[in-house]
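Participant: PDB, C-alpha atoms, saved as coords.pdb, coming up:
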ATOM      1  CA  MET C 149      99.732 100.753  85.488
ATOM      2  CA  THR C 150      97.843  97.518  86.153
ATOM      3  CA  LYS C 151      99.329  94.404  87.682
ATOM      4  CA  SER C 152      98.795  91.061  85.935
ATOM      5  CA  ASP C 153      96.738  88.322  87.531
ATOM      6  CA  PRO C 154      99.136  86.011  89.459
ATOM      7  CA  ASN C 155      96.797  83.018  88.939
ATOM      8  CA  ARG C 156      96.663  83.374  85.151
ATOM      9  CA  VAL C 157      99.326  80.718  84.495
ATOM     10  CA  LEU C 158      97.713  78.250  86.904
ATOM     11  CA  ARG C 159      94.310  78.600  85.256
ATOM     12  CA  ARG C 160      95.750  78.056  81.780
ATOM     13  CA  LEU C 161      98.025  75.127  82.673
ATOM     14  CA  PRO C 162      95.430  72.323  82.126
ATOM     15  CA  LEU C 163      94.509  73.823  78.728
ATOM     16  CA  VAL C 164      98.135  73.942  77.614
ATOM     17  CA  VAL C 165      98.998  70.435  78.859
ATOM     18  CA  GLY C 166      95.809  68.922  77.454
ATOM     19  CA  GLY C 167      96.274  70.572  74.070
ATOM     20  CA  LEU C 168      99.937  69.575  73.897
ATOM     21  CA  GLY C 169      99.080  65.974  74.811
ATOM     22  CA  ALA C 170      96.440  65.774  72.090
ATOM     23  CA  LEU C 171      98.876  67.203  69.522
ATOM     24  CA  LEU C 172     101.595  64.706  70.440
ATOM     25  CA  LEU C 173      99.123  61.821  70.183
ATOM     26  CA  LEU C 174      98.144  62.955  66.691
ATOM     27  CA  VAL C 175     101.778  63.259  65.587
ATOM     28  CA  ASN C 176     102.575  59.831  67.025
ATOM     29  CA  ARG C 177      99.614  58.289  65.197
ATOM     30  CA  LEU C 178     100.632  59.845  61.877
ATOM     31  CA  LEU C 179     104.237  58.660  62.220
ATOM     32  CA  THR C 180     103.325  55.082  63.195
ATOM     33  CA  PRO C 181     103.395  52.782  60.130
ATOM     34  CA  GLU C 182     101.471  49.949  61.780
ATOM     35  CA  LEU C 183      99.046  50.396  64.649
ATOM     36  CA  THR C 184      99.062  47.700  67.326
ATOM     37  CA  ASN C 185      96.192  46.891  69.677
ATOM     38  CA  SER C 186      98.146  48.091  72.699
ATOM     39  CA  GLN C 187      98.972  51.379  70.984
ATOM     40  CA  ALA C 188      95.327  51.881  70.017
ATOM     41  CA  ARG C 189      94.279  51.395  73.635
ATOM     42  CA  GLY C 190      97.002  53.818  74.757
ATOM     43  CA  ASP C 191      95.842  56.393  72.218
ATOM     44  CA  VAL C 192      92.259  56.146  73.466
ATOM     45  CA  LEU C 193      93.410  56.632  77.057
ATOM     46  CA  GLY C 194      95.600  59.565  76.017
ATOM     47  CA  VAL C 195      92.721  61.237  74.180
ATOM     48  CA  ILE C 196      90.486  60.863  77.234
ATOM     49  CA  LEU C 197      93.125  62.341  79.555
ATOM     50  CA  SER C 198      93.751  65.248  77.176
ATOM     51  CA  ALA C 199      90.013  65.937  76.929
ATOM     52  CA  VAL C 200      89.689  65.908  80.714
ATOM     53  CA  LEU C 201      92.571  68.361  81.081
ATOM     54  CA  ILE C 202      91.143  70.701  78.444
ATOM     55  CA  LEU C 203      87.695  70.549  80.068
ATOM     56  CA  THR C 204      89.238  71.232  83.483
ATOM     57  CA  GLY C 205      91.083  74.242  82.071
ATOM     58  CA  LEU C 206      87.891  75.640  80.572
ATOM     59  CA  ILE C 207      86.056  75.209  83.875
ATOM     60  CA  TRP C 208      88.864  76.901  85.806
ATOM     61  CA  GLN C 209      88.683  79.876  83.474
ATOM     62  CA  GLN C 210      85.076  80.376  84.524
ATOM     63  CA  VAL C 211      85.081  79.277  88.170
ATOM     64  CA  GLN C 212      88.342  80.442  89.715
ATOM     65  CA  PRO C 213      88.088  84.071  90.869
ATOM     66  CA  LYS C 214      90.532  86.432  89.259
ATOM     67  CA  THR C 215      92.529  88.820  91.384
ATOM     68  CA  PRO C 216      91.289  92.348  90.613
ATOM     69  CA  ASP C 217      93.700  94.431  88.563
ATOM     70  CA  THR C 218      95.380  97.080  90.678
ATOM     71  CA  VAL C 219      96.632 100.502  89.660
ATOM     72  CA  GLN C 220      99.209 102.890  91.040
ATOM     73  CA  LEU C 221      97.138 105.707  92.497
ATOM     74  CA  ILE C 222      98.020 109.167  91.261
ATOM     75  CA  GLY C 223      99.187 111.439  94.057
ATOM     76  CA  GLU C 224     101.757 111.916  96.776
ATOM     77  CA  GLU C 225     101.949 109.819  99.909
ATOM     78  CA  GLY C 226     101.242 111.817 103.044
ATOM     79  CA  PHE C 227      99.922 111.892 106.594
ATOM     80  CA  ILE C 228      98.119 115.079 107.593
ATOM     81  CA  LEU C 229      96.291 115.620 110.881
ATOM     82  CA  ALA C 230      94.276 118.675 111.877
ATOM     83  CA  PRO C 231      96.621 120.608 114.209
ATOM     84  CA  ASP C 232      93.999 121.584 116.790
ATOM     85  CA  LEU C 233      93.077 118.039 117.821
ATOM     86  CA  PRO C 234      93.770 116.704 121.339
ATOM     87  CA  GLU C 235      96.756 114.393 121.515
ATOM     88  CA  ALA C 236      94.566 111.421 122.468
ATOM     89  CA  VAL C 237      92.441 111.919 119.344
ATOM     90  CA  LYS C 238      95.533 112.273 117.151
ATOM     91  CA  THR C 239      96.881 109.011 118.537
ATOM     92  CA  GLU C 240      93.576 107.242 117.925
ATOM     93  CA  LEU C 241      93.333 108.509 114.353
ATOM     94  CA  ALA C 242      96.923 107.536 113.619
ATOM     95  CA  TRP C 243      96.338 104.039 115.012
ATOM     96  CA  ALA C 244      93.076 103.500 113.119
ATOM     97  CA  SER C 245      94.420 104.764 109.800
ATOM     98  CA  HIS C 246      97.549 102.628 110.109
ATOM     99  CA  LEU C 247      95.427  99.508 110.656
ATOM    100  CA  LEU C 248      93.239 100.258 107.646
ATOM    101  CA  LEU C 249      96.161 100.959 105.338
ATOM    102  CA  THR C 250      98.075  97.847 106.342
ATOM    103  CA  ASN C 251      95.241  95.319 106.761
ATOM    104  CA  THR C 252      92.849  96.203 103.932
ATOM    105  CA  VAL C 253      93.164  97.222 100.288
ATOM    106  CA  THR C 254      92.769 100.874 101.313
ATOM    107  CA  ARG C 255      95.426 103.141  99.831
ATOM    108  CA  SER C 256      93.926 106.542 100.621
ATOM    109  CA  LEU C 257      91.682 107.588 103.490
ATOM    110  CA  ILE C 258      90.015 110.660 104.914
ATOM    111  CA  VAL C 259      88.260 111.285 108.223
ATOM    112  CA  TYR C 260      85.556 113.923 107.805
ATOM    113  CA  TYR C 261      83.854 114.956 111.036
ATOM    114  CA  GLN C 262      81.567 117.852 111.966
ATOM    115  CA  GLY C 263      82.219 119.552 108.646
ATOM    116  CA  LYS C 264      86.018 119.390 108.921
ATOM    117  CA  VAL C 265      88.761 117.139 107.592
ATOM    118  CA  LEU C 266      90.537 115.692 110.619
ATOM    119  CA  LEU C 267      92.844 113.298 108.807
ATOM    120  CA  ARG C 268      94.210 112.585 105.341
ATOM    121  CA  ARG C 269      96.568 109.656 104.955
ATOM    122  CA  GLY C 270      97.956 107.390 102.263
ATOM    123  CA  ILE C 271      98.074 108.517  98.649
ATOM    124  CA  LEU C 272      96.701 112.071  98.651
ATOM    125  CA  ALA C 273      95.085 114.066  95.876
ATOM    126  CA  THR C 274      95.991 117.684  95.251
ATOM    127  CA  LYS C 275      92.638 118.887  96.559
ATOM    128  CA  SER C 276      92.307 118.680 100.334
ATOM    129  CA  GLU C 277      88.873 120.235 100.913
ATOM    130  CA  VAL C 278      85.922 117.862 101.238
ATOM    131  CA  ILE C 279      82.660 119.248  99.911
ATOM    132  CA  PRO C 280      79.916 116.686 100.579
ATOM    133  CA  GLY C 281      78.128 115.599  97.412
ATOM    134  CA  THR C 282      75.003 113.495  97.004
ATOM    135  CA  ILE C 283      76.594 110.244  98.143
ATOM    136  CA  LEU C 284      78.348 111.655 101.186
ATOM    137  CA  LYS C 285      75.226 113.555 102.244
ATOM    138  CA  ARG C 286      73.189 110.362 102.007
ATOM    139  CA  VAL C 287      75.659 108.539 104.246
ATOM    140  CA  LEU C 288      75.502 111.359 106.807
ATOM    141  CA  GLU C 289      71.701 111.435 106.727
ATOM    142  CA  THR C 290      71.011 107.695 106.775
ATOM    143  CA  GLN C 291      74.081 106.665 108.795
ATOM    144  CA  LYS C 292      74.437 103.697 106.485
ATOM    145  CA  PRO C 293      77.659 102.866 104.602
ATOM    146  CA  VAL C 294      77.971 103.057 100.837
ATOM    147  CA  TYR C 295      80.403 100.849  98.925
ATOM    148  CA  LEU C 296      81.108 101.893  95.337
ATOM    149  CA  VAL C 297      82.737  98.708  94.060
ATOM    150  CA  ALA C 298      83.986 100.203  90.778
ATOM    151  CA  LEU C 299      84.084 103.975  91.073
ATOM    152  CA  TYR C 300      84.593 104.643  87.367
ATOM    153  CA  VAL C 301      81.083 103.387  86.467
ATOM    154  CA  TYR C 302      79.275 105.796  88.818
ATOM    155  CA  PRO C 303      78.288 109.230  87.503
ATOM    156  CA  GLY C 304      78.552 110.530  91.079
ATOM    157  CA  ARG C 305      82.278 109.780  91.183
ATOM    158  CA  ILE C 306      83.040 113.446  90.425
ATOM    159  CA  GLU C 307      82.232 114.353  94.018
ATOM    160  CA  PHE C 308      85.250 112.371  95.180
ATOM    161  CA  ASP C 309      87.741 114.803  93.657
ATOM    162  CA  TYR C 310      89.537 114.917  97.017
ATOM    163  CA  LEU C 311      90.686 111.309  96.409
ATOM    164  CA  PRO C 312      93.307 110.292  93.798
ATOM    165  CA  GLU C 313      91.737 110.668  90.359
ATOM    166  CA  ASN C 314      92.185 106.998  89.452
ATOM    167  CA  THR C 315      90.747 105.598  92.692
ATOM    168  CA  GLN C 316      89.090 102.284  91.824
ATOM    169  CA  GLY C 317      86.754 101.626  94.757
ATOM    170  CA  VAL C 318      85.359 103.745  97.590
ATOM    171  CA  ILE C 319      83.744 103.005 100.932
ATOM    172  CA  CYS C 320      81.965 105.770 102.838
ATOM    173  CA  GLN C 321      81.506 104.514 106.392
ATOM    174  CA  PRO C 322      79.558 106.682 108.857
ATOM    175  CA  ILE C 323      81.325 107.755 112.052
ATOM    176  CA  GLY C 324      78.410 108.109 114.426
ATOM    177  CA  LYS C 325      75.953 110.816 113.369
ATOM    178  CA  GLU C 326      78.433 113.547 112.494
ATOM    179  CA  GLY C 327      81.202 112.095 110.376
ATOM    180  CA  VAL C 328      82.279 109.775 107.603
ATOM    181  CA  LEU C 329      85.333 107.605 107.094
ATOM    182  CA  ILE C 330      86.162 107.742 103.370
ATOM    183  CA  LEU C 331      88.366 104.950 102.031
ATOM    184  CA  GLY C 332      89.849 104.652  98.541
ATOM    185  CA  ALA C 333      91.188 101.411  97.057
ATOM    186  CA  ASN C 334      93.515 100.826  94.120
ATOM    187  CA  ALA C 335      91.479  97.916  92.710
ATOM    188  CA  PRO C 336      87.771  97.528  91.916
ATOM    189  CA  ARG C 337      85.622  95.011  93.821
ATOM    190  CA  SER C 338      88.484  94.399  96.235
ATOM    191  CA  TYR C 339      86.888  94.886  99.662
ATOM    192  CA  THR C 340      85.578  91.678 101.201
ATOM    193  CA  GLN C 341      82.704  91.340 103.643
ATOM    194  CA  GLN C 342      85.273  90.830 106.387
ATOM    195  CA  ASP C 343      86.953  94.095 105.372
ATOM    196  CA  GLU C 344      83.614  95.917 105.549
ATOM    197  CA  ASN C 345      82.943  94.533 109.038
ATOM    198  CA  TRP C 346      86.453  95.531 110.129
ATOM    199  CA  ILE C 347      85.980  99.061 108.771
ATOM    200  CA  ALA C 348      82.602  99.414 110.497
ATOM    201  CA  GLY C 349      84.140  98.379 113.817
ATOM    202  CA  ILE C 350      86.957 100.912 113.529
ATOM    203  CA  ALA C 351      84.483 103.651 112.575
ATOM    204  CA  ASP C 352      82.401 102.864 115.678
ATOM    205  CA  LYS C 353      85.523 103.124 117.826
ATOM    206  CA  LEU C 354      86.405 106.471 116.256
ATOM    207  CA  ALA C 355      82.861 107.724 116.884
ATOM    208  CA  VAL C 356      83.317 107.112 120.613
ATOM    209  CA  THR C 357      86.740 108.768 120.697
ATOM    210  CA  LEU C 358      85.686 111.821 118.670
ATOM    211  CA  GLY C 359      82.448 112.159 120.589
ATOM    212  CA  ASN C 360      84.376 112.304 123.868
ATOM    213  CA  GLY C 361      87.088 114.533 122.441
TER
END
Would you mind writing the file out in structure tokens?

Facilitator:
Amino acid sequence: MTKSDPNRVLRRLPLVVGGLGALLLLVNRLLTPELTNSQARGDVLGVILSAVLILTGLIWQQVQPKTPDTVQLIGEEGFILAPDLPEAVKTELAWASHLLLTNTVTRSLIVYYQGKVLLRRGILATKSEVIPGTILKRVLETQKPVYLVALYVYPGRIEFDYLPENTQGVICQPIGKEGVLILGANAPRSYTQQDENWIAGIADKLAVTLGNG
């Protein structure tokens, strides 16, 4: 289920006010038996103001960014850690995942390291096993992040069957040379550049912790 854009009313307000003003001016002109000079000047001013409002509304429709539509991800909320991890690593993973879930648009995340799933948190899919596909392998090989801004348009989305099936956006952020932080969002094109920098910093911190663990 998508959520409506909260700025929709604001963007349409100048159009509505301008159109209503123009309509009222027309009605007033038709109902006036004799037009005075002062009324004619007022009508001209009213038409100009209505035109400006309508033009402003049209510009806002094009310029103002719309909030991406969000969906309710399909799955159950959970928090699963690999049982054989040292307590210090568990604490670090719990801290990092909490920050990502509460400070970014991430709703589902997985830590995949040295061929194993160390953490699954947020909205979880039924499938828990991560089998690296083309995209994940490329991230591991190049150690460069991949951001799929709208997952549904990518043919390679089928490899992310370990994320909720209606995941809208995915970031695969390398964790050093041996792992990947996989993040799923509930809205397309919703990660900002600041989010990406934040995620990269957390992944670097996890790389140090996991490398020492």

Participant: So that I can see what lies close to Pro293 (chain C), please list as a compact mmCIF listing (two decimals) with C-alpha atoms, keeping the file's coordinate frame the residues with an atom at most 9 Å from it, counting only C-alpha atoms and leaving out residues fewer than 4 positions away in the same chain.

Facilitator:
# COMPACT_ATOMS: atom_id res chain seq x y z
CA VAL C 287 75.66 108.54 104.25
CA ILE C 319 83.74 103.00 100.93
CA CYS C 320 81.96 105.77 102.84
CA GLN C 321 81.51 104.51 106.39
CA PRO C 322 79.56 106.68 108.86
CA VAL C 328 82.28 109.78 107.60
CA ALA C 348 82.60 99.41 110.50

Participant: Which is closest to Gln220 (chain C) among C:Ile271, C:Leu241, C:Ala298, C:Val318, if we use only C-alpha atoms?

Facilitator: C:Ile271

Participant: If the PyMOL selection byres ((chain C and resi 222-235) around 10) is run on the structure shown, which residues does it catch, given as a compact mmCIF listing (two decimals) with C-alpha atoms, in the coordinates of the input?

Facilitator:
# COMPACT_ATOMS: atom_id res chain seq x y z
CA VAL C 219 96.63 100.50 89.66
CA GLN C 220 99.21 102.89 91.04
CA LEU C 221 97.14 105.71 92.50
CA ALA C 236 94.57 111.42 122.47
CA VAL C 237 92.44 111.92 119.34
CA LYS C 238 95.53 112.27 117.15
CA THR C 239 96.88 109.01 118.54
CA GLU C 240 93.58 107.24 117.92
CA LEU C 241 93.33 108.51 114.35
CA ALA C 242 96.92 107.54 113.62
CA SER C 245 94.42 104.76 109.80
CA ARG C 255 95.43 103.14 99.83
CA SER C 256 93.93 106.54 100.62
CA LEU C 257 91.68 107.59 103.49
CA ILE C 258 90.02 110.66 104.91
CA VAL C 259 88.26 111.28 108.22
CA LYS C 264 86.02 119.39 108.92
CA VAL C 265 88.76 117.14 107.59
CA LEU C 266 90.54 115.69 110.62
CA LEU C 267 92.84 113.30 108.81
CA ARG C 268 94.21 112.58 105.34
CA ARG C 269 96.57 109.66 104.96
CA GLY C 270 97.96 107.39 102.26
CA ILE C 271 98.07 108.52 98.65
CA LEU C 272 96.70 112.07 98.65
CA ALA C 273 95.08 114.07 95.88
CA THR C 274 95.99 117.68 95.25
CA SER C 276 92.31 118.68 100.33
CA LEU C 311 90.69 111.31 96.41
CA PRO C 312 93.31 110.29 93.80
CA GLU C 313 91.74 110.67 90.36
CA ASN C 314 92.18 107.00 89.45
CA THR C 315 90.75 105.60 92.69
CA ASN C 334 93.52 100.83 94.12
CA LEU C 358 85.69 111.82 118.67
CA GLY C 361 87.09 114.53 122.44

Participant: When you count all atoms listed in the file, which of these residues is closest to Thr340 (chain C): C:Leu299, C:Val253, C:Ile323, C:Leu354?

Facilitator: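 Among C:Leu299, C:Val253, C:Ile323, C:Leu354, it is C:Val253 that comes nearest to Thr340 (chain C).
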
Participant: Between CA of Leu296 (chain C) and CA of Thr357 (chain C), measure the distance and give it in Å to one decimal.

Facilitator: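 Taking CA of Leu296 (chain C) and CA of Thr357 (chain C), their separation equals 26.9 Å.
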
Participant: Rounded to one decimal in Å, what is the spacing between CA of Leu247 (chain C) and CA of Trp346 (chain C)?

Facilitator: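 Atom-to-atom, CA of Leu247 (chain C) to CA of Trp346 (chain C), that is 9.8 Å.
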
Participant: Using all atoms listed in the file, can you tell me which of C:Leu329, C:Val301, C:Ala244, C:Leu171 comes closest to Tyr260 (chain C)?

Facilitator: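 The closest residue to Tyr260 (chain C) is C:Leu329.
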